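Trainee: Here it is, the structure in full.
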Amino acid sequence: MPGVEGRVIVVTGAGGGLGREYALSLAHNRAKVVVNDLGGARDGSGSGTSMADNVVAEIRAAGGEAVPNYDSVATADGGKAIIQTALDHFGSIHGVVNNAGILRDKGFHKMTDEEWNIVLGVHLHGGFHVTKAAWPHFREQGYGRIVMATSTSGIYGNFGQSNYGAAKAGLIGLINTLAIEGRKYNILANAVAPMAATRMTSDIAPAELLAKLPPEQVAPVVGYLLTEECEDSGTVVVAGGGQVHRVQYFQSQGATFDETPTIDEVAARWKEITDMTGSEPGVNPVG
């Protein structure tokens with residue numbers, strides 16, 4: 001069975017923007033799609049059914065298979081309900097795209113606990129809840145594909161997005177471990193940092209830049225990571241504007257101390273420690 005044909009895939013936050021493009025692309029390639037969307041505003045407030053319903057209608061009108069789901073990814077019960085929708089309607093679950101997200105941008109010195117917690121709740125906890133609900137099914141059938149929506153804000157940082165960046169970086173840490181634990185069960189976990197013009201980015205990037213970043217250009221990359229043919233796991237890619245790049249941690253040659261150094265001794269060798277000449281891909285020394 002090539003590609004994603006016949007596979008049952010959940011896409012969270014699929015009522016618009018990138019999630020909609022992922023759902024449409026997957027359905028076009030004959031996947032069966034659960035279109036999840038809480039139907040809220042960009043900041044996470046409100047809810048409704050029309051966003052998910054409209055995408056499902058669009059897929060069905062084109063001859064594809066899809067069902068809507070309106071649960072929040074931010075709770076364990078919501079994550080379970082989303083996966084249960086796939087099981088109830090299609091009888092199985094083969095892949096999840098953890099795309100749902102909100103923004104509460106603010107300088108760190110002004111950020112409230114609520115603004116921090118709600119963003120981590122949707123992005124990081126949401127990725128956990130949905131994947132956790134699908135995980136036992138993936139293990140039992142010996143197959144699963146997971147795509148986390150990370151961000152360059154998580155990889156490199158961005159002003160006013162400490163909450164968002166921390167959540168997105170956390171998802172990279174999550175796939176690194178899922179890749180290790182899932183490998184023997186043929187469960188692969190990867191992350192995509194999209195560069196695209198959506199309502200999430202409408203006021204945080206110049207219009208001339210956004211015009212070069214149509215969201216549909218990211219969808220084939222996400223689609224490939226959900227295929228049986230994909231063999232990568234624990235990989236992070238940045239995709240958008242017709243370009244796709246892999247991002248990977250590297251470690252310097254560093255410095256070796258025979259005995260516990262003093263602060264002054266560390267300072268004296270700091271340039272050596274941080275010099276990336278001859279650096280190599282980082283590995284977990286205790287893994």
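The chains in the structure tokens are called A, B, ... from first to last as shown; in each chain the residues are counted from 1, and the ligands are counted from 1 in the order shown.
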Just the residues within 12 Å of Tyr249 (chain A), please, counting only C-alpha atoms, with nothing from its chain fewer than 2 positions along; format it as a list in words.
Mentor: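 Selected residues are Ile155, Tyr156, Ile172, Gly173, Asn176, Gly234, Thr235, Val236, Arg246, Val247, Gln251, Ser252, Met276, Ser279, Glu280, Pro281, Gly282, Val283 and Asn284 of chain A.
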Trainee: Set the distance at 12 Å and use only C-alpha atoms: which residues neighbour Glu5 (chain A) once local chain neighbours fewer than 4 positions away are removed? I'd like the list as an NGL selection string.
Mentor: :A and (1 or 9 or 25-33 or 64-65 or 94-95 or 223-224 or 226-229)
Trainee: Would you save the residues of that selection, restricted to all heavy atoms, as a compact mmCIF listing (two decimals), in the first residue's frame?
Mentor:
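Output below, filename result.txt:
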```
# COMPACT_ATOMS: atom_id res chain seq x y z
N MET A 1 0.86 -1.18 0.00
CA MET A 1 0.00 0.00 0.00
C MET A 1 0.90 1.24 0.00
O MET A 1 1.54 1.55 1.00
CB MET A 1 -0.91 -0.01 1.22
CG MET A 1 -1.93 1.11 1.24
SD MET A 1 -3.00 1.00 2.70
CE MET A 1 -3.85 -0.54 2.37
N ILE A 9 -5.51 8.93 9.46
CA ILE A 9 -4.62 9.94 10.01
C ILE A 9 -5.42 11.06 10.67
O ILE A 9 -6.37 11.58 10.08
CB ILE A 9 -3.70 10.53 8.92
CG1 ILE A 9 -2.84 9.41 8.32
CG2 ILE A 9 -2.82 11.64 9.49
CD1 ILE A 9 -2.05 9.82 7.10
N SER A 25 -4.37 17.59 1.48
CA SER A 25 -3.34 16.84 0.77
C SER A 25 -3.41 15.36 1.09
O SER A 25 -3.31 14.51 0.19
CB SER A 25 -1.96 17.39 1.13
OG SER A 25 -0.93 16.66 0.51
N LEU A 26 -3.58 15.03 2.37
CA LEU A 26 -3.66 13.62 2.76
C LEU A 26 -4.88 12.95 2.13
O LEU A 26 -4.80 11.83 1.62
CB LEU A 26 -3.72 13.52 4.29
CG LEU A 26 -2.42 13.88 5.02
CD1 LEU A 26 -2.68 14.06 6.51
CD2 LEU A 26 -1.36 12.81 4.78
N ALA A 27 -6.02 13.64 2.17
CA ALA A 27 -7.23 13.07 1.57
C ALA A 27 -7.08 12.90 0.07
O ALA A 27 -7.54 11.91 -0.51
CB ALA A 27 -8.43 13.97 1.89
N HIS A 28 -6.44 13.87 -0.58
CA HIS A 28 -6.19 13.77 -2.02
C HIS A 28 -5.35 12.55 -2.35
O HIS A 28 -5.49 11.94 -3.41
CB HIS A 28 -5.49 15.04 -2.50
CG HIS A 28 -5.14 15.02 -3.96
ND1 HIS A 28 -6.08 15.15 -4.96
CD2 HIS A 28 -3.93 14.86 -4.59
CE1 HIS A 28 -5.48 15.08 -6.14
NE2 HIS A 28 -4.18 14.90 -5.94
N ASN A 29 -4.47 12.18 -1.42
CA ASN A 29 -3.62 11.00 -1.60
C ASN A 29 -4.24 9.75 -0.99
O ASN A 29 -3.55 8.80 -0.67
CB ASN A 29 -2.23 11.27 -1.03
CG ASN A 29 -1.42 12.19 -1.91
OD1 ASN A 29 -0.81 11.75 -2.88
ND2 ASN A 29 -1.40 13.48 -1.58
N ARG A 30 -5.56 9.79 -0.79
CA ARG A 30 -6.41 8.65 -0.42
C ARG A 30 -6.24 8.18 1.03
O ARG A 30 -6.52 7.03 1.35
CB ARG A 30 -6.19 7.48 -1.38
CG ARG A 30 -6.51 7.82 -2.83
CD ARG A 30 -6.42 6.57 -3.71
NE ARG A 30 -6.72 6.88 -5.10
CZ ARG A 30 -5.82 7.28 -5.99
NH1 ARG A 30 -4.56 7.42 -5.62
NH2 ARG A 30 -6.16 7.54 -7.23
N ALA A 31 -5.78 9.07 1.90
CA ALA A 31 -5.84 8.77 3.33
C ALA A 31 -7.24 9.06 3.84
O ALA A 31 -7.99 9.83 3.25
CB ALA A 31 -4.81 9.60 4.09
N LYS A 32 -7.58 8.44 4.96
CA LYS A 32 -8.83 8.73 5.66
C LYS A 32 -8.49 9.66 6.81
O LYS A 32 -7.67 9.32 7.66
CB LYS A 32 -9.45 7.42 6.16
CG LYS A 32 -9.73 6.42 5.05
CD LYS A 32 -10.19 5.08 5.60
CE LYS A 32 -10.39 4.07 4.48
NZ LYS A 32 -10.82 2.73 5.01
N VAL A 33 -9.12 10.82 6.83
CA VAL A 33 -8.66 11.90 7.70
C VAL A 33 -9.68 12.26 8.77
O VAL A 33 -10.87 12.44 8.47
CB VAL A 33 -8.33 13.16 6.86
CG1 VAL A 33 -7.74 14.24 7.76
CG2 VAL A 33 -7.36 12.82 5.73
N GLY A 64 -13.00 12.50 -1.28
CA GLY A 64 -12.19 11.92 -0.22
C GLY A 64 -13.00 11.49 0.99
O GLY A 64 -14.23 11.68 1.04
N GLU A 65 -12.32 10.91 1.96
CA GLU A 65 -12.96 10.42 3.18
C GLU A 65 -12.45 11.22 4.38
O GLU A 65 -11.24 11.30 4.61
CB GLU A 65 -12.68 8.94 3.40
CG GLU A 65 -13.26 8.02 2.34
CD GLU A 65 -13.03 6.56 2.67
OE1 GLU A 65 -13.62 6.07 3.65
OE2 GLU A 65 -12.25 5.92 1.95
N HIS A 94 -3.41 5.23 12.15
CA HIS A 94 -2.05 4.96 11.66
C HIS A 94 -1.11 6.14 11.81
O HIS A 94 0.11 5.95 11.80
CB HIS A 94 -2.10 4.55 10.18
CG HIS A 94 -2.95 3.36 9.91
ND1 HIS A 94 -4.17 3.43 9.29
CD2 HIS A 94 -2.76 2.05 10.21
CE1 HIS A 94 -4.70 2.23 9.20
NE2 HIS A 94 -3.87 1.37 9.75
N GLY A 95 -1.65 7.35 11.91
CA GLY A 95 -0.78 8.50 12.01
C GLY A 95 -1.46 9.68 12.68
O GLY A 95 -2.68 9.79 12.65
N GLY A 223 3.17 15.07 4.56
CA GLY A 223 2.62 13.84 3.99
C GLY A 223 3.66 12.75 3.87
O GLY A 223 3.40 11.59 4.21
N TYR A 224 4.86 13.09 3.41
CA TYR A 224 5.90 12.08 3.26
C TYR A 224 6.26 11.45 4.60
O TYR A 224 6.47 10.23 4.70
CB TYR A 224 7.16 12.68 2.63
CG TYR A 224 8.33 11.72 2.69
CD1 TYR A 224 8.35 10.58 1.88
CD2 TYR A 224 9.37 11.90 3.60
CE1 TYR A 224 9.39 9.67 1.96
CE2 TYR A 224 10.41 11.00 3.69
CZ TYR A 224 10.42 9.88 2.86
OH TYR A 224 11.44 8.97 2.96
N LEU A 226 4.47 10.76 6.92
CA LEU A 226 3.40 9.87 7.36
C LEU A 226 3.32 8.59 6.53
O LEU A 226 2.48 7.73 6.77
CB LEU A 226 2.05 10.59 7.28
CG LEU A 226 1.89 11.75 8.27
CD1 LEU A 226 0.77 12.67 7.82
CD2 LEU A 226 1.61 11.23 9.67
N THR A 227 4.22 8.44 5.56
CA THR A 227 4.15 7.29 4.67
C THR A 227 4.89 6.09 5.24
O THR A 227 5.76 6.21 6.10
CB THR A 227 4.76 7.61 3.30
OG1 THR A 227 6.17 7.87 3.45
CG2 THR A 227 4.07 8.81 2.66
N GLU A 228 4.56 4.94 4.69
CA GLU A 228 5.27 3.72 5.03
C GLU A 228 6.70 3.77 4.52
O GLU A 228 7.61 3.19 5.11
CB GLU A 228 4.54 2.51 4.44
CG GLU A 228 5.09 1.17 4.87
CD GLU A 228 4.21 0.00 4.47
OE1 GLU A 228 3.07 0.25 4.04
OE2 GLU A 228 4.67 -1.14 4.58
N GLU A 229 6.90 4.47 3.41
CA GLU A 229 8.23 4.54 2.80
C GLU A 229 9.21 5.35 3.64
O GLU A 229 10.43 5.14 3.56
CB GLU A 229 8.13 5.16 1.41
CG GLU A 229 7.45 4.28 0.37
CD GLU A 229 5.93 4.31 0.45
OE1 GLU A 229 5.37 5.07 1.27
OE2 GLU A 229 5.28 3.56 -0.30
```
Trainee: For Gln141 (chain A), please output as a tab-separated table (two decimals) with C-alpha atoms, in the first residue's frame all residues within 10 Å (counting only C-alpha atoms; exclusion window: fewer than 4 positions along the same chain).
Mentor:
```tsv
chain	number	residue	atom	x	y	z
A	92	SER	CA	-7.96	2.09	13.12
A	93	ILE	CA	-5.36	4.82	13.52
A	94	HIS	CA	-2.05	4.96	11.66
A	136	PRO	CA	-0.91	1.74	22.32
A	137	HIS	CA	-2.62	1.20	18.97
A	185	TYR	CA	7.52	-1.11	16.88
A	186	ASN	CA	7.94	0.69	13.54
A	187	ILE	CA	6.69	3.93	15.11
```
Trainee: Tell me, as a PyMOL selection string, which residues lie within 9 Å of region 45-51 of chain A, counting only C-alpha atoms; anything in the same chain fewer than 6 positions away does not count.
Mentor: chain A and resi 14-16+37-39+68-70
Trainee: Mind dumping the selected residues with N, CA, C and O atoms as an mmCIF file, in the first residue's frame?
Mentor:
```
data_model
loop_
_atom_site.group_PDB
_atom_site.id
_atom_site.type_symbol
_atom_site.label_atom_id
_atom_site.label_comp_id
_atom_site.auth_asym_id
_atom_site.auth_seq_id
_atom_site.Cartn_x
_atom_site.Cartn_y
_atom_site.Cartn_z
ATOM 1 N N ALA A 14 -7.020 21.384 12.179
ATOM 2 C CA ALA A 14 -7.111 21.247 10.721
ATOM 3 C C ALA A 14 -8.235 22.065 10.105
ATOM 4 O O ALA A 14 -8.541 21.908 8.929
ATOM 5 N N GLY A 15 -8.824 22.985 10.872
ATOM 6 C CA GLY A 15 -9.923 23.778 10.350
ATOM 7 C C GLY A 15 -9.501 24.951 9.490
ATOM 8 O O GLY A 15 -10.339 25.611 8.878
ATOM 9 N N GLY A 16 -8.206 25.234 9.415
ATOM 10 C CA GLY A 16 -7.726 26.345 8.612
ATOM 11 C C GLY A 16 -6.225 26.303 8.491
ATOM 12 O O GLY A 16 -5.552 25.465 9.104
ATOM 13 N N ASP A 37 -10.658 20.239 15.006
ATOM 14 C CA ASP A 37 -10.486 21.669 15.263
ATOM 15 C C ASP A 37 -11.485 22.110 16.320
ATOM 16 O O ASP A 37 -12.680 21.837 16.199
ATOM 17 N N LEU A 38 -10.979 22.763 17.340
ATOM 18 C CA LEU A 38 -11.828 23.288 18.404
ATOM 19 C C LEU A 38 -12.678 24.448 17.906
ATOM 20 O O LEU A 38 -13.721 24.762 18.497
ATOM 21 N N GLY A 39 -12.238 25.081 16.828
ATOM 22 C CA GLY A 39 -13.013 26.175 16.253
ATOM 23 C C GLY A 39 -12.865 27.489 16.967
ATOM 24 O O GLY A 39 -13.725 28.367 16.859
ATOM 25 N N PRO A 68 -15.264 14.945 11.058
ATOM 26 C CA PRO A 68 -14.832 16.038 11.927
ATOM 27 C C PRO A 68 -14.697 15.606 13.384
ATOM 28 O O PRO A 68 -15.287 14.608 13.807
ATOM 29 N N ASN A 69 -13.916 16.370 14.121
ATOM 30 C CA ASN A 69 -13.829 16.225 15.570
ATOM 31 C C ASN A 69 -13.581 17.609 16.152
ATOM 32 O O ASN A 69 -12.819 18.389 15.581
ATOM 33 N N TYR A 70 -14.221 17.901 17.290
ATOM 34 C CA TYR A 70 -14.181 19.256 17.837
ATOM 35 C C TYR A 70 -13.546 19.314 19.229
ATOM 36 O O TYR A 70 -13.647 20.326 19.915
#
```
Trainee: Taking into account only C-alpha atoms, which residue in the set A:Gly13, A:Gly142, A:Gly160, A:Gly170 is nearest to Gly101 (chain A)?
Mentor: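 Of all the options, A:Gly13 lies closest to Gly101 (chain A).
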Trainee: Enumerate the residues of region 241-270 of chain A with a DSSP assignment of strand (DSSP E), computed from the backbone, and present them as a PyMOL selection string.
Mentor: chain A and resi 243-247+250-251
Trainee: Do you know which residues are at most 9 Å from region 109-126 of chain A counting only C-alpha atoms, after dropping those on the same chain fewer than 3 positions away, and could you put them as a ChimeraX atom specification?
Mentor: /A:43-44,72-76,78-79,98-106,129-131,149-150,160,162-164,166-171,174
Trainee: CA of Thr12 (chain A) and CA of Gly63 (chain A), how far apart in Å?
Mentor: 21.2 Å
Trainee: At what distance in Å, to one decimal, does CA of Val4 (chain A) lie from CA of Val34 (chain A)?
Mentor: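 Separation of CA of Val34 (chain A) and CA of Val4 (chain A): 13.7 Å.
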Trainee: Please determine, counting only C-alpha atoms, which residue among A:Val67, A:Asn54, A:Phe90, A:Ile273 has the shortest atom-to-atom distance to Val11 (chain A).
Mentor: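 Counting only C-alpha atoms, the residue closest to Val11 (chain A) is A:Val67.
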Trainee: Where in region 104-274 of chain A does DSSP assign helix (DSSP H, G or I), given as number ranges by chain?
Mentor: A: 108-110, 113-141, 152-155, 162-185, 207-210, 215-217, 219-225, 263-268, 270-274
Trainee: Quote the spacing between CA of Ala81 (chain A) and CA of Glu216 (chain A) in Å to one decimal place.
Mentor: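 Taking CA of Ala81 (chain A) and CA of Glu216 (chain A), their separation equals 27.8 Å.
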